[in-house]
Amino acid sequence: MSAINEQTVINCLDQVIDPKSGKSAVALGLIAGLVIKDGNVGFALEINPKEANEMELLRKKCEDAVFALPGVKSVSAVLTAEQAAAAPSRPQTPPQQQPAQKPEVPGVAAIVAVASGKGGVGKSTCAVNLALGLAALGLKVGMLDADVYGPSLPRMLGLKGKPQSKDGKKLIPMEKWGLKVMSMGFLVEEDTPMIWRGPMIMSALQQMVFDVDWGALDVLIVDMPPGTGDAQLTLAQKVPLAGAVIVSTPQDIALIDARKGLNMFRKVDVPVFGIIENMSYFLCPSCGERSDIFGHGGAHETAKELGVDFLGEVPLHMDIRKTSDAGTPITATEPDSAHAKIYRDLAAKVQEKIEQSLATASGPKIVIE
């Protein structure tokens, strides 16, 4: 099978003609964000948002043309556009009075976001072990790495390789430790920067949710990127989230940002299941002495102030760090350890919240077989 490269794809797209202008997609300067990894190809067509409907045909022609190339296993082509903000000509209906309908993800009973207001608080470590804790309770669990700029799940779960596709349209998630996993890290090299603008990131995230064959899942855990930007809003507004878990350290500066993240979810009507205080205290591996390096109890107090549940605290410990870096998460590889028990207890609380959320929405209950 021939190796596919960037120039081959560009040459192919240069043969796809836009019937309206008579020029190729390349000549029109529409092609952006081309990514190629092991026969999997992704790119965007940057268009005028007013032409989205008529450009869908060109997008499909581009996708089909590239898929026909030797060595191509799957193609993901998206339309993206940056629409300039304009003053409305008449008063707009407030979004809360006319909420947008979010499409369901086939086979997925509940989607839960694990988020933080800032980076460096150990959110991804919590997300991985929380997912494994839910799996340990008997649930079928998947994970989506939504941090397109800095995907970490491949390393943290010890996953290598690339997702396959049966039809060139839907990707089959990778599997490890009983979890189904999708990440941009499977499609690009670990040290390759993603130089994509906001609309391209938003399109890619929606495709990683809806264009993946997740199968039957009780819970899909979404490891959110830190902060409250375009990517976070896209997931909160376009994906049917059952709820969100906020991760923070006890530091005041981290808690300020955690409040921002929590308020973002509230503004888009996503229930906040609660706050986890990560790196809550340090246990010396030699003597067992406890030290409150970052302070202690700040997240508990913040949860109380904001009227949300405090789910629990996770210590700063060498074993958690080592297993995360090694791709052997502690909840999976040391299930009888004290730290694994902490994550299972957190997972049990989240499971209860999920069931409450599904019951409120009159959705299907999670059944443990």
# chains A, B, ... in the order shown; residues from 1 in each chain; ligands from 1

call {"tool": "closest_atom_pairs", "arguments": {"of": "region 99-212 of chain A", "to": "region 55-75 of chain A", "cutoff": "8 Å", "atoms": "only C-alpha atoms", "output": "JSON lines"}}
result
{"residue": "A:Gln164", "atom": "CA", "partner": "A:Lys73", "partner_atom": "CA", "distance": 7.6}
{"residue": "A:Ser165", "atom": "CA", "partner": "A:Ser74", "partner_atom": "CA", "distance": 6.3}
{"residue": "A:Asp167", "atom": "CA", "partner": "A:Ser74", "partner_atom": "CA", "distance": 7.6}
{"residue": "A:Gly168", "atom": "CA", "partner": "A:Ser74", "partner_atom": "CA", "distance": 4.1}
{"residue": "A:Lys169", "atom": "CA", "partner": "A:Ser74", "partner_atom": "CA", "distance": 6.4}
{"residue": "A:Leu171", "atom": "CA", "partner": "A:Ser74", "partner_atom": "CA", "distance": 7.9}

call {"tool": "residues_around", "arguments": {"residues": "Glu6 (chain A)", "least_positions_apart": "5", "cutoff": "10 Å", "atoms": "only C-alpha atoms", "output": "VMD selection string"}}
result
chain A and resid 11 to 12 34 to 36 41

call {"tool": "atom_distance", "arguments": {"atom1": "CA of Ser116 (chain A)", "atom2": "CA of Pro163 (chain A)"}}
result
27.5 Å

call {"tool": "residues_around", "arguments": {"residues": "region 44-53 of chain A", "least_positions_apart": "6", "cutoff": "7 Å", "atoms": "only C-alpha atoms", "output": "PyMOL selection string"}}
result
chain A and resi 30-33+77-81+83+200

call {"tool": "residues_around", "arguments": {"residues": "Lys160 (chain A)", "least_positions_apart": "5", "cutoff": "10 Å", "atoms": "only C-alpha atoms", "output": "number ranges by chain"}}
result
A: 154-155, 174, 176, 185-186

call {"tool": "write_last_selection", "arguments": {"atoms": "N, CA and C atoms", "output": "PDB file, in the first residue's frame"}}
result
ATOM      1  N   PRO A 154      -3.081   9.367  25.378  1.00  0.00           N
ATOM      2  CA  PRO A 154      -2.263   8.262  24.863  1.00  0.00           C
ATOM      3  C   PRO A 154      -1.109   7.896  25.799  1.00  0.00           C
ATOM      4  N   ARG A 155      -0.435   8.906  26.337  1.00  0.00           N
ATOM      5  CA  ARG A 155       0.683   8.634  27.244  1.00  0.00           C
ATOM      6  C   ARG A 155       0.187   8.118  28.594  1.00  0.00           C
ATOM      7  N   MET A 174      -9.666   3.431  20.195  1.00  0.00           N
ATOM      8  CA  MET A 174      -8.656   2.523  20.732  1.00  0.00           C
ATOM      9  C   MET A 174      -9.166   1.983  22.078  1.00  0.00           C
ATOM     10  N   LYS A 176      -7.966   0.305  25.993  1.00  0.00           N
ATOM     11  CA  LYS A 176      -6.919  -0.019  26.976  1.00  0.00           C
ATOM     12  C   LYS A 176      -7.537   0.028  28.362  1.00  0.00           C
ATOM     13  N   GLY A 185      -4.226  12.850  19.815  1.00  0.00           N
ATOM     14  CA  GLY A 185      -2.880  12.317  19.953  1.00  0.00           C
ATOM     15  C   GLY A 185      -2.646  11.047  19.162  1.00  0.00           C
ATOM     16  N   PHE A 186      -3.729  10.355  18.756  1.00  0.00           N
ATOM     17  CA  PHE A 186      -3.579   9.164  17.917  1.00  0.00           C
ATOM     18  C   PHE A 186      -3.339   9.532  16.463  1.00  0.00           C
TER      19      PHE A 186
END

call {"tool": "residues_around", "arguments": {"residues": "region 323-331 of chain A", "least_positions_apart": "6", "cutoff": "8 Å", "atoms": "only C-alpha atoms", "output": "NGL selection string"}}
result
:A and (125 or 128-129 or 132-133 or 154-159 or 337 or 339-341 or 343-344)

call {"tool": "residues_around", "arguments": {"residues": "Gly274 (chain A)", "least_positions_apart": "3", "cutoff": "7 Å", "atoms": "only C-alpha atoms", "output": "CSV table (one decimal) with C-alpha atoms, in the first residue's frame"}}
result
chain,number,residue,atom,x,y,z
A,245,VAL,CA,-16.9,17.6,37.5
A,246,ILE,CA,-14.6,20.4,38.4
A,308,VAL,CA,-22.4,22.5,44.7
A,309,ASP,CA,-21.3,19.2,46.2
A,310,PHE,CA,-17.7,18.5,47.4
A,311,LEU,CA,-17.0,15.1,45.9

call {"tool": "closest_atom_pairs", "arguments": {"of": "region 131-239 of chain A", "to": "region 260-267 of chain A", "cutoff": "9 Å", "atoms": "only C-alpha atoms", "output": "tab-separated table"}}
result
residue	atom	partner	partner_atom	distance
A:Pro226	CA	A:Gly261	CA	8.8
A:Gly227	CA	A:Gly261	CA	6.8
A:Thr228	CA	A:Gly261	CA	6.1
A:Gln232	CA	A:Met264	CA	8.9
A:Leu233	CA	A:Met264	CA	8.0
A:Ala236	CA	A:Phe265	CA	6.8

call {"tool": "residues_around", "arguments": {"residues": "Ser280 (chain A)", "least_positions_apart": "3", "cutoff": "6 Å", "atoms": "only C-alpha atoms", "output": "JSON, numbers by chain"}}
result
{"A": [277, 296, 313, 314, 315]}

call {"tool": "select_by_dssp", "arguments": {"residues": "region 134-354 of chain A", "states": "helix (DSSP H, G or I)", "output": "JSON list (two decimals) with N, CA and C atoms, in the first residue's frame"}}
result
[["chain", "number", "residue", "atom", "x", "y", "z"],
["A", 134, "LEU", "N", -15.16, 4.15, 37.52],
["A", 134, "LEU", "CA", -16.49, 3.82, 37.03],
["A", 134, "LEU", "C", -16.50, 2.44, 36.38],
["A", 135, "ALA", "N", -15.44, 2.13, 35.63],
["A", 135, "ALA", "CA", -15.33, 0.81, 35.01],
["A", 135, "ALA", "C", -15.25, -0.29, 36.08],
["A", 136, "ALA", "N", -14.55, 0.02, 37.18],
["A", 136, "ALA", "CA", -14.43, -0.95, 38.27],
["A", 136, "ALA", "C", -15.78, -1.21, 38.93],
["A", 153, "LEU", "N", -3.94, 11.70, 26.93],
["A", 153, "LEU", "CA", -4.44, 10.36, 27.23],
["A", 153, "LEU", "C", -3.61, 9.23, 26.62],
["A", 154, "PRO", "N", -3.08, 9.37, 25.38],
["A", 154, "PRO", "CA", -2.26, 8.26, 24.86],
["A", 154, "PRO", "C", -1.11, 7.90, 25.80],
["A", 155, "ARG", "N", -0.44, 8.91, 26.34],
["A", 155, "ARG", "CA", 0.68, 8.63, 27.24],
["A", 155, "ARG", "C", 0.19, 8.12, 28.59],
["A", 156, "MET", "N", -0.86, 8.74, 29.13],
["A", 156, "MET", "CA", -1.32, 8.38, 30.47],
["A", 156, "MET", "C", -1.95, 7.00, 30.52],
["A", 184, "MET", "N", -6.88, 13.21, 19.75],
["A", 184, "MET", "CA", -6.14, 13.76, 18.61],
["A", 184, "MET", "C", -4.69, 13.25, 18.64],
["A", 185, "GLY", "N", -4.23, 12.85, 19.82],
["A", 185, "GLY", "CA", -2.88, 12.32, 19.95],
["A", 185, "GLY", "C", -2.65, 11.05, 19.16],
["A", 186, "PHE", "N", -3.73, 10.36, 18.76],
["A", 186, "PHE", "CA", -3.58, 9.16, 17.92],
["A", 186, "PHE", "C", -3.34, 9.53, 16.46],
["A", 198, "GLY", "N", -9.68, 28.63, 16.13],
["A", 198, "GLY", "CA", -10.84, 28.21, 16.90],
["A", 198, "GLY", "C", -11.88, 27.41, 16.15],
["A", 199, "PRO", "N", -12.38, 27.87, 14.99],
["A", 199, "PRO", "CA", -13.42, 27.13, 14.28],
["A", 199, "PRO", "C", -12.99, 25.73, 13.87],
["A", 200, "MET", "N", -11.71, 25.56, 13.53],
["A", 200, "MET", "CA", -11.22, 24.24, 13.14],
["A", 200, "MET", "C", -11.20, 23.30, 14.35],
["A", 201, "ILE", "N", -10.80, 23.83, 15.49],
["A", 201, "ILE", "CA", -10.79, 23.04, 16.72],
["A", 201, "ILE", "C", -12.22, 22.62, 17.07],
["A", 202, "MET", "N", -13.16, 23.55, 16.92],
["A", 202, "MET", "CA", -14.56, 23.25, 17.26],
["A", 202, "MET", "C", -15.12, 22.14, 16.36],
["A", 203, "SER", "N", -14.80, 22.21, 15.06],
["A", 203, "SER", "CA", -15.26, 21.18, 14.14],
["A", 203, "SER", "C", -14.63, 19.83, 14.47],
["A", 204, "ALA", "N", -13.33, 19.85, 14.78],
["A", 204, "ALA", "CA", -12.64, 18.60, 15.09],
["A", 204, "ALA", "C", -13.22, 17.95, 16.34],
["A", 205, "LEU", "N", -13.54, 18.76, 17.35],
["A", 205, "LEU", "CA", -14.09, 18.21, 18.59],
["A", 205, "LEU", "C", -15.45, 17.57, 18.35],
["A", 206, "GLN", "N", -16.28, 18.23, 17.58],
["A", 206, "GLN", "CA", -17.60, 17.66, 17.30],
["A", 206, "GLN", "C", -17.47, 16.34, 16.55],
["A", 207, "GLN", "N", -16.49, 16.26, 15.65],
["A", 207, "GLN", "CA", -16.30, 15.01, 14.91],
["A", 207, "GLN", "C", -15.77, 13.91, 15.82],
["A", 208, "MET", "N", -14.93, 14.27, 16.80],
["A", 208, "MET", "CA", -14.40, 13.24, 17.70],
["A", 208, "MET", "C", -15.48, 12.73, 18.65],
["A", 209, "VAL", "N", -16.56, 13.47, 18.78],
["A", 209, "VAL", "CA", -17.69, 12.99, 19.58],
["A", 209, "VAL", "C", -18.65, 12.18, 18.71],
["A", 210, "PHE", "N", -19.09, 12.78, 17.60],
["A", 210, "PHE", "CA", -20.19, 12.20, 16.82],
["A", 210, "PHE", "C", -19.74, 11.27, 15.70],
["A", 230, "ASP", "N", -13.08, 28.62, 23.33],
["A", 230, "ASP", "CA", -13.94, 28.10, 22.26],
["A", 230, "ASP", "C", -14.19, 26.60, 22.40],
["A", 231, "ALA", "N", -13.12, 25.85, 22.67],
["A", 231, "ALA", "CA", -13.25, 24.39, 22.73],
["A", 231, "ALA", "C", -14.20, 23.98, 23.85],
["A", 232, "GLN", "N", -14.05, 24.61, 25.00],
["A", 232, "GLN", "CA", -14.90, 24.27, 26.14],
["A", 232, "GLN", "C", -16.36, 24.63, 25.87],
["A", 233, "LEU", "N", -16.58, 25.80, 25.28],
["A", 233, "LEU", "CA", -17.95, 26.23, 24.98],
["A", 233, "LEU", "C", -18.59, 25.33, 23.93],
["A", 234, "THR", "N", -17.81, 24.91, 22.94],
["A", 234, "THR", "CA", -18.33, 24.02, 21.91],
["A", 234, "THR", "C", -18.86, 22.73, 22.53],
["A", 235, "LEU", "N", -18.06, 22.15, 23.41],
["A", 235, "LEU", "CA", -18.47, 20.90, 24.04],
["A", 235, "LEU", "C", -19.67, 21.11, 24.95],
["A", 236, "ALA", "N", -19.67, 22.22, 25.68],
["A", 236, "ALA", "CA", -20.77, 22.48, 26.60],
["A", 236, "ALA", "C", -22.07, 22.78, 25.88],
["A", 237, "GLN", "N", -21.98, 23.44, 24.70],
["A", 237, "GLN", "CA", -23.18, 23.86, 24.00],
["A", 237, "GLN", "C", -23.66, 22.87, 22.95],
["A", 238, "LYS", "N", -22.74, 22.09, 22.36],
["A", 238, "LYS", "CA", -23.10, 21.22, 21.24],
["A", 238, "LYS", "C", -23.23, 19.75, 21.62],
["A", 252, "ASP", "N", -5.62, 29.35, 46.23],
["A", 252, "ASP", "CA", -6.59, 30.40, 45.91],
["A", 252, "ASP", "C", -6.63, 30.70, 44.42],
["A", 253, "ILE", "N", -5.44, 30.75, 43.78],
["A", 253, "ILE", "CA", -5.38, 31.11, 42.36],
["A", 253, "ILE", "C", -6.08, 30.04, 41.51],
["A", 254, "ALA", "N", -5.94, 28.78, 41.91],
["A", 254, "ALA", "CA", -6.61, 27.70, 41.17],
["A", 254, "ALA", "C", -8.11, 27.75, 41.41],
["A", 255, "LEU", "N", -8.51, 28.09, 42.62],
["A", 255, "LEU", "CA", -9.93, 28.12, 42.95],
["A", 255, "LEU", "C", -10.66, 29.26, 42.24],
["A", 256, "ILE", "N", -9.95, 30.37, 42.01],
["A", 256, "ILE", "CA", -10.55, 31.48, 41.26],
["A", 256, "ILE", "C", -10.92, 31.00, 39.86],
["A", 257, "ASP", "N", -9.99, 30.27, 39.22],
["A", 257, "ASP", "CA", -10.25, 29.76, 37.88],
["A", 257, "ASP", "C", -11.28, 28.64, 37.89],
["A", 258, "ALA", "N", -11.30, 27.85, 38.97],
["A", 258, "ALA", "CA", -12.31, 26.79, 39.08],
["A", 258, "ALA", "C", -13.71, 27.40, 39.12],
["A", 259, "ARG", "N", -13.86, 28.53, 39.80],
["A", 259, "ARG", "CA", -15.16, 29.22, 39.83],
["A", 259, "ARG", "C", -15.59, 29.63, 38.43],
["A", 260, "LYS", "N", -14.62, 30.09, 37.62],
["A", 260, "LYS", "CA", -14.95, 30.50, 36.24],
["A", 260, "LYS", "C", -15.47, 29.31, 35.44],
["A", 261, "GLY", "N", -14.79, 28.18, 35.58],
["A", 261, "GLY", "CA", -15.23, 26.98, 34.87],
["A", 261, "GLY", "C", -16.62, 26.54, 35.31],
["A", 262, "LEU", "N", -16.85, 26.57, 36.61],
["A", 262, "LEU", "CA", -18.15, 26.18, 37.14],
["A", 262, "LEU", "C", -19.25, 27.10, 36.61],
["A", 263, "ASN", "N", -18.98, 28.40, 36.62],
["A", 263, "ASN", "CA", -19.99, 29.36, 36.15],
["A", 263, "ASN", "C", -20.25, 29.23, 34.66],
["A", 264, "MET", "N", -19.22, 28.82, 33.89],
["A", 264, "MET", "CA", -19.43, 28.61, 32.47],
["A", 264, "MET", "C", -20.46, 27.51, 32.24],
["A", 265, "PHE", "N", -20.32, 26.40, 32.95],
["A", 265, "PHE", "CA", -21.27, 25.30, 32.80],
["A", 265, "PHE", "C", -22.67, 25.73, 33.23],
["A", 266, "ARG", "N", -22.75, 26.50, 34.28],
["A", 266, "ARG", "CA", -24.07, 26.96, 34.73],
["A", 266, "ARG", "C", -24.74, 27.83, 33.67],
["A", 267, "LYS", "N", -23.97, 28.67, 33.00],
["A", 267, "LYS", "CA", -24.53, 29.57, 32.00],
["A", 267, "LYS", "C", -25.06, 28.83, 30.78],
["A", 298, "GLY", "N", -9.59, 24.32, 50.54],
["A", 298, "GLY", "CA", -10.09, 25.45, 49.75],
["A", 298, "GLY", "C", -11.21, 25.06, 48.82],
["A", 299, "ALA", "N", -11.08, 23.89, 48.18],
["A", 299, "ALA", "CA", -12.12, 23.44, 47.25],
["A", 299, "ALA", "C", -13.41, 23.10, 47.99],
["A", 300, "HIS", "N", -13.25, 22.56, 49.19],
["A", 300, "HIS", "CA", -14.43, 22.24, 50.00],
["A", 300, "HIS", "C", -15.21, 23.51, 50.33],
["A", 301, "GLU", "N", -14.49, 24.53, 50.73],
["A", 301, "GLU", "CA", -15.12, 25.81, 51.06],
["A", 301, "GLU", "C", -15.76, 26.45, 49.83],
["A", 302, "THR", "N", -15.04, 26.36, 48.70],
["A", 302, "THR", "CA", -15.57, 26.93, 47.45],
["A", 302, "THR", "C", -16.86, 26.23, 47.03],
["A", 303, "ALA", "N", -16.89, 24.92, 47.17],
["A", 303, "ALA", "CA", -18.10, 24.16, 46.83],
["A", 303, "ALA", "C", -19.26, 24.60, 47.71],
["A", 304, "LYS", "N", -18.97, 24.81, 48.97],
["A", 304, "LYS", "CA", -20.01, 25.24, 49.91],
["A", 304, "LYS", "C", -20.54, 26.63, 49.54],
["A", 305, "GLU", "N", -19.60, 27.51, 49.19],
["A", 305, "GLU", "CA", -19.99, 28.88, 48.81],
["A", 305, "GLU", "C", -20.85, 28.90, 47.57],
["A", 306, "LEU", "N", -20.52, 28.05, 46.60],
["A", 306, "LEU", "CA", -21.20, 28.07, 45.31],
["A", 306, "LEU", "C", -22.40, 27.13, 45.24],
["A", 318, "MET", "N", 3.57, 10.21, 45.23],
["A", 318, "MET", "CA", 4.51, 9.74, 44.22],
["A", 318, "MET", "C", 3.93, 8.60, 43.38],
["A", 319, "ASP", "N", 3.19, 7.71, 44.00],
["A", 319, "ASP", "CA", 2.68, 6.55, 43.27],
["A", 319, "ASP", "C", 1.69, 6.96, 42.18],
["A", 320, "ILE", "N", 0.86, 7.96, 42.47],
["A", 320, "ILE", "CA", -0.10, 8.44, 41.48],
["A", 320, "ILE", "C", 0.63, 9.07, 40.30],
["A", 321, "ARG", "N", 1.66, 9.85, 40.61],
["A", 321, "ARG", "CA", 2.43, 10.51, 39.56],
["A", 321, "ARG", "C", 3.18, 9.49, 38.71],
["A", 322, "LYS", "N", 3.83, 8.53, 39.35],
["A", 322, "LYS", "CA", 4.61, 7.52, 38.64],
["A", 322, "LYS", "C", 3.75, 6.70, 37.69],
["A", 323, "THR", "N", 2.63, 6.23, 38.19],
["A", 323, "THR", "CA", 1.78, 5.37, 37.37],
["A", 323, "THR", "C", 1.16, 6.15, 36.20],
["A", 324, "SER", "N", 0.86, 7.43, 36.42],
["A", 324, "SER", "CA", 0.32, 8.25, 35.33],
["A", 324, "SER", "C", 1.36, 8.45, 34.24],
["A", 325, "ASP", "N", 2.58, 8.78, 34.63],
["A", 325, "ASP", "CA", 3.65, 9.00, 33.65],
["A", 325, "ASP", "C", 3.99, 7.72, 32.88],
["A", 326, "ALA", "N", 3.83, 6.59, 33.55],
["A", 326, "ALA", "CA", 4.21, 5.31, 32.94],
["A", 326, "ALA", "C", 3.11, 4.72, 32.07],
["A", 330, "ILE", "N", -3.05, 4.05, 38.35],
["A", 330, "ILE", "CA", -3.05, 3.33, 39.61],
["A", 330, "ILE", "C", -4.35, 2.60, 39.90],
["A", 331, "THR", "N", -5.48, 3.13, 39.44],
["A", 331, "THR", "CA", -6.76, 2.48, 39.71],
["A", 331, "THR", "C", -6.87, 1.16, 38.96],
["A", 332, "ALA", "N", -6.17, 1.04, 37.83],
["A", 332, "ALA", "CA", -6.18, -0.21, 37.06],
["A", 332, "ALA", "C", -5.11, -1.18, 37.52],
["A", 333, "THR", "N", -3.91, -0.66, 37.80],
["A", 333, "THR", "CA", -2.77, -1.55, 38.07],
["A", 333, "THR", "C", -2.58, -1.87, 39.56],
["A", 338, "ALA", "N", -4.73, 2.25, 48.53],
["A", 338, "ALA", "CA", -5.57, 3.28, 49.16],
["A", 338, "ALA", "C", -5.97, 4.34, 48.15],
["A", 339, "HIS", "N", -5.06, 4.64, 47.20],
["A", 339, "HIS", "CA", -5.36, 5.68, 46.21],
["A", 339, "HIS", "C", -6.44, 5.22, 45.24],
["A", 340, "ALA", "N", -6.39, 3.95, 44.83],
["A", 340, "ALA", "CA", -7.41, 3.42, 43.94],
["A", 340, "ALA", "C", -8.77, 3.47, 44.61],
["A", 341, "LYS", "N", -8.79, 3.22, 45.92],
["A", 341, "LYS", "CA", -10.06, 3.28, 46.66],
["A", 341, "LYS", "C", -10.63, 4.69, 46.64],
["A", 342, "ILE", "N", -9.75, 5.70, 46.74],
["A", 342, "ILE", "CA", -10.21, 7.09, 46.70],
["A", 342, "ILE", "C", -10.92, 7.37, 45.37],
["A", 343, "TYR", "N", -10.30, 6.93, 44.29],
["A", 343, "TYR", "CA", -10.91, 7.17, 42.97],
["A", 343, "TYR", "C", -12.20, 6.38, 42.79],
["A", 344, "ARG", "N", -12.26, 5.17, 43.33],
["A", 344, "ARG", "CA", -13.51, 4.39, 43.22],
["A", 344, "ARG", "C", -14.63, 5.06, 44.02],
["A", 345, "ASP", "N", -14.28, 5.62, 45.18],
["A", 345, "ASP", "CA", -15.28, 6.32, 45.98],
["A", 345, "ASP", "C", -15.79, 7.56, 45.24],
["A", 346, "LEU", "N", -14.87, 8.28, 44.58],
["A", 346, "LEU", "CA", -15.28, 9.43, 43.77],
["A", 346, "LEU", "C", -16.18, 8.97, 42.62],
["A", 347, "ALA", "N", -15.81, 7.86, 42.01],
["A", 347, "ALA", "CA", -16.59, 7.34, 40.89],
["A", 347, "ALA", "C", -18.00, 6.96, 41.33],
["A", 348, "ALA", "N", -18.12, 6.38, 42.52],
["A", 348, "ALA", "CA", -19.44, 6.00, 43.03],
["A", 348, "ALA", "C", -20.33, 7.23, 43.20],
["A", 349, "LYS", "N", -19.74, 8.34, 43.66],
["A", 349, "LYS", "CA", -20.52, 9.58, 43.82],
["A", 349, "LYS", "C", -20.93, 10.13, 42.46],
["A", 350, "VAL", "N", -20.02, 10.05, 41.50],
["A", 350, "VAL", "CA", -20.34, 10.54, 40.15],
["A", 350, "VAL", "C", -21.41, 9.66, 39.52],
["A", 351, "GLN", "N", -21.32, 8.34, 39.73],
["A", 351, "GLN", "CA", -22.34, 7.44, 39.19],
["A", 351, "GLN", "C", -23.71, 7.79, 39.74],
["A", 352, "GLU", "N", -23.77, 8.10, 41.01],
["A", 352, "GLU", "CA", -25.05, 8.49, 41.62],
["A", 352, "GLU", "C", -25.60, 9.76, 40.98],
["A", 353, "LYS", "N", -24.70, 10.72, 40.73],
["A", 353, "LYS", "CA", -25.10, 11.97, 40.09],
["A", 353, "LYS", "C", -25.61, 11.72, 38.67],
["A", 354, "ILE", "N", -24.93, 10.83, 37.95],
["A", 354, "ILE", "CA", -25.34, 10.50, 36.59],
["A", 354, "ILE", "C", -26.74, 9.91, 36.59]]

call {"tool": "select_by_dssp", "arguments": {"residues": "region 117-239 of chain A", "states": "strand (DSSP E)", "output": "PDB file with C-alpha atoms, in the first residue's frame"}}
result
ATOM      1  CA  VAL A 141     -16.834   3.474  29.949  1.00  0.00           C
ATOM      2  CA  GLY A 142     -15.233   5.509  27.183  1.00  0.00           C
ATOM      3  CA  MET A 143     -12.869   8.478  27.273  1.00  0.00           C
ATOM      4  CA  LEU A 144     -12.549  11.416  24.912  1.00  0.00           C
ATOM      5  CA  ASP A 145      -9.375  13.512  25.069  1.00  0.00           C
ATOM      6  CA  GLN A 164      -9.104   2.180  12.385  1.00  0.00           C
ATOM      7  CA  SER A 165     -12.209   2.825  10.300  1.00  0.00           C
ATOM      8  CA  LEU A 171     -13.343   5.915  13.563  1.00  0.00           C
ATOM      9  CA  ILE A 172     -13.174   2.948  15.891  1.00  0.00           C
ATOM     10  CA  MET A 174      -8.656   2.523  20.732  1.00  0.00           C
ATOM     11  CA  GLU A 175      -9.024   0.315  23.814  1.00  0.00           C
ATOM     12  CA  LYS A 176      -6.919  -0.019  26.976  1.00  0.00           C
ATOM     13  CA  LEU A 179     -11.812   1.824  28.304  1.00  0.00           C
ATOM     14  CA  LYS A 180     -12.666   2.935  24.762  1.00  0.00           C
ATOM     15  CA  VAL A 181     -10.511   5.962  23.981  1.00  0.00           C
ATOM     16  CA  MET A 182     -10.299   8.663  21.302  1.00  0.00           C
ATOM     17  CA  SER A 183      -7.686  11.423  21.169  1.00  0.00           C
ATOM     18  CA  VAL A 219     -20.597   6.716  30.446  1.00  0.00           C
ATOM     19  CA  LEU A 220     -18.307   8.735  28.198  1.00  0.00           C
ATOM     20  CA  ILE A 221     -15.808  10.767  30.234  1.00  0.00           C
ATOM     21  CA  VAL A 222     -14.581  13.868  28.413  1.00  0.00           C
ATOM     22  CA  ASP A 223     -11.185  15.139  29.553  1.00  0.00           C
TER      23      ASP A 223
END

call {"tool": "closest_residue", "arguments": {"among": "A:Gly178, A:Gly120, A:Pro240, A:Pro151", "to": "Val105 (chain A)", "atoms": "only C-alpha atoms"}}
result
A:Pro240
